[in-house]
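Chemist: Just one file: structure-v5.txt, with compact mmCIF, C-alpha atoms.
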```txt
# COMPACT_ATOMS: atom_id res chain seq x y z
CA MET A 105 -5.02 65.02 14.08
CA SER A 106 -5.82 67.38 16.94
CA ASP A 107 -8.17 70.32 16.52
CA PRO A 108 -6.81 72.59 13.75
CA GLN A 109 -7.58 75.73 15.80
CA THR A 110 -5.50 74.39 18.69
CA ILE A 111 -2.60 73.56 16.39
CA ALA A 112 -2.81 76.92 14.62
CA TYR A 113 -3.00 79.03 17.78
CA PRO A 114 0.73 79.24 18.68
CA TYR A 115 1.69 80.00 15.05
CA ALA A 116 -0.96 82.73 14.79
CA LYS A 117 -0.03 84.19 18.17
CA ALA A 118 3.68 84.26 17.28
CA ALA A 119 2.95 85.88 13.91
CA PHE A 120 0.69 88.45 15.55
CA ASP A 121 3.17 89.26 18.32
CA TYR A 122 5.97 89.72 15.78
CA ALA A 123 3.80 91.83 13.46
CA ARG A 124 2.56 94.02 16.32
CA ASP A 125 6.07 94.58 17.69
CA ALA A 126 7.41 95.35 14.19
CA SER A 127 4.40 97.60 13.37
CA GLN A 128 3.57 95.35 10.40
CA LEU A 129 0.02 94.22 11.19
CA ALA A 130 -1.39 95.03 7.75
CA ALA A 131 1.58 93.51 5.89
CA TRP A 132 1.29 90.27 7.85
CA GLU A 133 -2.43 90.15 7.26
CA LYS A 134 -1.80 90.33 3.50
CA MET A 135 0.95 87.71 3.66
CA LEU A 136 -1.24 85.31 5.61
CA VAL A 137 -4.06 85.75 3.11
CA VAL A 138 -1.65 84.83 0.31
CA MET A 139 -0.40 81.78 2.23
CA LYS A 140 -3.98 80.72 2.99
CA GLU A 141 -5.01 81.00 -0.65
CA VAL A 142 -2.01 78.95 -1.76
CA VAL A 143 -2.75 76.21 0.80
CA GLU A 144 -6.41 76.12 -0.19
CA ALA A 145 -5.65 75.71 -3.91
CA PRO A 146 -6.75 72.14 -4.77
CA ALA A 147 -3.43 71.13 -6.35
CA VAL A 148 -1.45 72.38 -3.35
CA ALA A 149 -3.85 70.90 -0.79
CA SER A 150 -3.53 67.45 -2.35
CA GLN A 151 0.27 67.73 -2.32
CA ILE A 152 0.21 68.68 1.36
CA GLU A 153 -1.87 65.59 2.15
CA ALA A 154 0.56 63.40 0.19
CA LEU A 155 3.60 64.76 2.05
CA ASP A 156 2.89 62.58 5.07
CA MET A 157 3.76 59.50 3.04
CA GLN A 158 6.96 60.94 1.54
CA GLY A 159 10.40 61.52 2.95
CA PRO A 160 12.16 64.68 4.14
CA ASP A 161 13.49 65.45 0.65
CA ALA A 162 9.91 65.75 -0.61
CA HIS A 163 9.07 68.12 2.25
CA GLU A 164 12.00 70.36 1.38
CA ALA A 165 11.19 70.33 -2.33
CA PHE A 166 7.54 71.14 -1.60
CA THR A 167 8.52 73.99 0.71
CA LEU A 168 10.73 75.49 -2.00
CA SER A 169 7.87 75.18 -4.50
CA PHE A 170 5.46 76.78 -2.03
CA LEU A 171 7.84 79.69 -1.47
CA ALA A 172 8.33 80.06 -5.24
CA ILE A 173 4.56 80.42 -5.66
CA CYS A 174 4.60 83.15 -3.00
CA ASP A 175 7.74 84.82 -4.40
CA GLY A 176 7.58 88.56 -3.86
CA LEU A 177 4.34 88.30 -1.89
CA ILE A 178 5.74 87.25 1.49
CA ASP A 179 8.84 88.59 3.17
CA GLU A 180 11.71 86.73 4.84
CA HIS A 181 9.82 86.39 8.12
CA GLY A 182 6.72 85.05 6.36
CA GLN A 183 8.96 82.56 4.58
CA ASN A 184 10.35 81.48 7.94
CA LEU A 185 6.81 80.80 9.16
CA VAL A 186 6.13 78.64 6.08
CA LYS A 187 9.40 76.75 6.58
CA LEU A 188 8.68 76.15 10.27
CA MET A 189 5.14 74.96 9.63
CA ALA A 190 6.31 72.70 6.78
CA GLU A 191 9.06 71.27 8.96
CA ASN A 192 6.47 70.45 11.63
CA GLY A 193 3.95 69.07 9.12
CA ARG A 194 1.45 71.84 9.91
CA LEU A 195 0.91 73.64 6.59
CA GLU A 196 -2.66 72.36 6.40
CA VAL A 197 -3.64 74.65 9.29
CA LEU A 198 -2.46 77.86 7.59
CA PRO A 199 -6.09 78.91 6.93
CA GLN A 200 -6.79 78.70 10.67
CA VAL A 201 -3.57 80.63 11.38
CA ALA A 202 -4.80 83.42 9.09
CA GLU A 203 -8.23 83.38 10.75
CA LEU A 204 -6.81 83.52 14.28
CA TYR A 205 -4.36 86.23 13.27
CA GLN A 206 -7.29 88.31 12.00
CA THR A 207 -9.04 87.82 15.35
CA PHE A 208 -5.94 88.93 17.28
CA LYS A 209 -5.53 91.94 14.98
CA SER A 210 -9.19 92.97 15.32
CA ASP A 211 -9.02 92.66 19.11
CA PHE A 212 -5.83 94.71 19.22
CA GLU A 213 -7.24 97.42 16.94
CA ARG A 214 -10.63 97.30 18.69
CA THR A 215 -12.48 96.72 15.42
CA VAL A 216 -15.28 94.38 14.45
CA GLU A 217 -16.97 93.54 11.17
CA ALA A 218 -20.73 93.78 11.40
CA CYS A 219 -23.17 92.51 8.82
CA VAL A 220 -26.70 93.86 8.78
CA THR A 221 -29.32 92.03 6.75
CA THR A 222 -32.57 93.80 5.94
CA ALA A 223 -35.57 93.22 3.70
CA GLU A 224 -34.99 96.54 1.94
CA PRO A 225 -31.85 98.64 1.40
CA LEU A 226 -30.79 101.03 4.16
CA ASP A 227 -30.10 104.66 3.25
CA GLU A 228 -26.83 106.33 4.25
CA GLN A 229 -28.39 107.99 7.31
CA GLN A 230 -29.69 104.64 8.60
CA LYS A 231 -26.29 103.01 8.01
CA ALA A 232 -24.51 105.79 9.88
CA SER A 233 -26.95 105.65 12.81
CA LEU A 234 -26.72 101.87 13.02
CA SER A 235 -22.94 101.94 12.83
CA GLN A 236 -22.74 104.54 15.63
CA ALA A 237 -25.15 102.56 17.83
CA LEU A 238 -23.13 99.36 17.32
CA GLU A 239 -19.88 101.19 18.10
CA ARG A 240 -21.36 102.40 21.39
CA LYS A 241 -22.74 98.97 22.28
CA LEU A 242 -19.60 97.02 21.32
CA ASN A 243 -17.07 99.69 22.32
CA ARG A 244 -15.25 99.05 19.04
CA THR A 245 -14.90 100.60 15.61
CA VAL A 246 -17.43 98.91 13.34
CA ALA A 247 -16.95 98.07 9.67
CA LEU A 248 -20.53 97.71 8.46
CA THR A 249 -21.62 95.63 5.48
CA CYS A 250 -25.20 95.42 4.33
CA GLN A 251 -27.12 92.59 2.69
CA ILE A 252 -30.65 92.39 1.37
CA ASP A 253 -32.88 89.38 2.12
CA PRO A 254 -36.52 89.96 1.18
CA SER A 255 -37.54 86.84 3.13
CA LEU A 256 -36.98 88.78 6.40
CA VAL A 257 -40.21 90.67 5.60
CA GLY A 258 -39.18 93.59 7.84
CA GLY A 259 -36.76 94.54 10.59
CA MET A 260 -33.13 93.48 10.50
CA LYS A 261 -30.63 90.86 11.57
CA ILE A 262 -27.22 92.03 12.79
CA THR A 263 -24.16 89.81 13.15
CA ALA A 264 -21.00 91.28 14.71
CA GLY A 265 -18.38 88.76 15.78
CA GLU A 266 -20.18 86.34 18.09
CA LEU A 267 -23.07 88.75 18.70
CA VAL A 268 -26.28 88.10 16.77
CA ILE A 269 -29.29 90.40 17.10
CA ASP A 270 -32.28 89.09 15.20
CA GLY A 271 -34.96 91.75 15.07
CA SER A 272 -36.50 90.52 11.83
CA LEU A 273 -40.23 90.18 11.37
CA LYS A 274 -39.65 86.69 10.01
CA SER A 275 -37.99 85.63 13.28
CA ALA A 276 -40.73 87.26 15.36
CA ILE A 277 -43.38 85.35 13.38
CA HIS A 278 -41.51 82.06 13.96
CA ARG A 279 -41.28 82.76 17.72
CA LEU A 280 -44.97 83.58 17.89
CA ALA A 281 -45.84 80.42 15.95
CA SER A 282 -43.72 78.33 18.35
CA ARG A 283 -45.53 79.81 21.37
CA LEU A 284 -48.92 79.17 19.83
CA GLU A 285 -48.00 75.53 19.11
CA ALA A 286 -46.87 74.94 22.71
```
With the file now loaded, output its structure as structure tokens.
Modeler:
Amino acid sequence: MSDPQTIAYPYAKAAFDYARDASQLAAWEKMLVVMKEVVEAPAVASQIEALDMQGPDAHEAFTLSFLAICDGLIDEHGQNLVKLMAENGRLEVLPQVAELYQTFKSDFERTVEACVTTAEPLDEQQKASLSQALERKLNRTVALTCQIDPSLVGGMKITAGELVIDGSLKSAIHRLASRLEA
């Protein structure tokens, strides 16, 4: 099979375009999370793999079962996406569709999730200052989450999308040790 991201891209883009035009970005995000969770359930995932060896009747029966699991959680348009992907044998890439959709949505809304890891907890003032600094640097609204990792010794490590800023004392010690060994 080709790269799952490549296969998922047109489905995610179509879902995003529809959701944006219909002002339903949040609703589609929720529906795609539901679909992703269903696909990732071990019993469902094994059935999806087995579909390749079965006929069209099995595909249709599986699709109806899938939609029954999602009953009330996805609307008519979400159901159409499931039917289309099932018809094309692409249900296994629904997790990537959900991931790409989230990327499109974040880009459109100019938001980014940032995770800051520190050796000790940050107070509210530090969180607010860090969030404001990241918003200025990234030119996006930042949703900040904090984690504690005592092994960092001091400083912090920030991950926001593809950006990684490692200002931890642990990392500085490793860099210094590498230079001394050279």
Chemist: Nearest to Gln128 in chain A: which of A:Gly182, A:Ala112, A:Gly258, A:Ala149 is it, counting only C-alpha atoms?
Modeler: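 Looking at the shortest contact to Gln128 in chain A, the residue is A:Gly182.
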Chemist: Using Å and a single decimal, report how far CA of Lys117 in chain A sits from CA of Glu141 in chain A.
Modeler: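 About the pair CA of Glu141 in chain A and CA of Lys117 in chain A: they are 19.7 Å apart.
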Chemist: Using all atoms listed in the file, pick whichever of A:Pro225, A:Gly159, A:Pro114, A:Gly271 has the shortest atom-to-atom distance to Leu185 in chain A.
Modeler: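 Nearest to Leu185 in chain A: A:Pro114.
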Chemist: Please indicate the distance in Å from CA of Val220 in chain A to CA of Leu129 in chain A, rounded to one decimal place.
Modeler: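 Between these atoms lies a distance of 26.8 Å.
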Chemist: In Å, with one decimal, what is the gap from CA of Tyr205 in chain A to CA of Ala123 in chain A?
Modeler: 9.9 Å
Chemist: Would you mind telling me which residue in A:Val137, A:Val142, A:Ala223, A:Leu242 lies nearest to Ser272 in chain A when using only C-alpha atoms?
Modeler: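 Using only C-alpha atoms, Ser272 in chain A sits closest to A:Ala223.
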Chemist: Between A:Leu234, A:Ala165, A:Ala119, A:Ala247, which is the closest to Ala218 in chain A once you count only C-alpha atoms?
Modeler: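 So, comparing all the options, the nearest one is A:Ala247.
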Chemist: Point out the residue among A:Leu171, A:Leu284, A:Ala232, A:Leu188 with the least atom-to-atom distance to Val143 in chain A, counting only C-alpha atoms.
Modeler: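 Among the listed residues, the smallest separation from Val143 in chain A belongs to A:Leu171.
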Chemist: For Ala162 in chain A, which residue out of A:Ala190, A:Val216, A:Leu136, A:Cys174 is the nearest one, using only C-alpha atoms?
Modeler: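 With only C-alpha atoms as the atom set, the closest residue is A:Ala190.
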Chemist: First collect every listed atom of range 215-232 of chain A; then fit an axis-aligned box around them, widen it by 5 Å on each side, and give centre and edge lengths in Å to one decimal, as lines of an AutoDock Vina configuration file.
Modeler:
```
center_x = -24.0
center_y = 100.0
center_z = 8.4
size_x = 33.1
size_y = 26.0
size_z = 24.0
```
Chemist: I'd like the neighbourhood of Lys261 in chain A as an mmCIF file with C-alpha atoms, in the frame of the given file, where a residue qualifies if any of its atoms comes within 8 Å (using all atoms listed in the file), though same-chain residues fewer than 2 positions away should be ignored.
Modeler:
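Writing the result to selection00.cif gives the following:
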```cif
data_model
loop_
_atom_site.group_PDB
_atom_site.id
_atom_site.type_symbol
_atom_site.label_atom_id
_atom_site.label_comp_id
_atom_site.auth_asym_id
_atom_site.auth_seq_id
_atom_site.Cartn_x
_atom_site.Cartn_y
_atom_site.Cartn_z
ATOM 1 C CA VAL A 220 -26.700 93.860 8.780
ATOM 2 C CA THR A 221 -29.320 92.030 6.750
ATOM 3 C CA THR A 222 -32.570 93.800 5.940
ATOM 4 C CA GLY A 259 -36.760 94.540 10.590
ATOM 5 C CA THR A 263 -24.160 89.810 13.150
ATOM 6 C CA VAL A 268 -26.280 88.100 16.770
ATOM 7 C CA ILE A 269 -29.290 90.400 17.100
ATOM 8 C CA ASP A 270 -32.280 89.090 15.200
ATOM 9 C CA GLY A 271 -34.960 91.750 15.070
ATOM 10 C CA SER A 272 -36.500 90.520 11.830
#
```
Chemist: Which polymer residues, protein or nucleic acid, are no farther than 12 Å from (-16.2, 92.4, 13.2), counting all atoms listed in the file, as a PyMOL selection string?
Modeler: chain A and resi 206-211+213-220+235+238-239+242-249+262-268
Chemist: Neighbouring residues of Val186 in chain A were defined as those with any atom within 9 Å, considering all atoms listed in the file; residues of the same chain fewer than 3 positions away were excluded. Please report them as a ChimeraX atom specification.
Modeler: /A:139,167,170-171,181-183,189-191,195,198
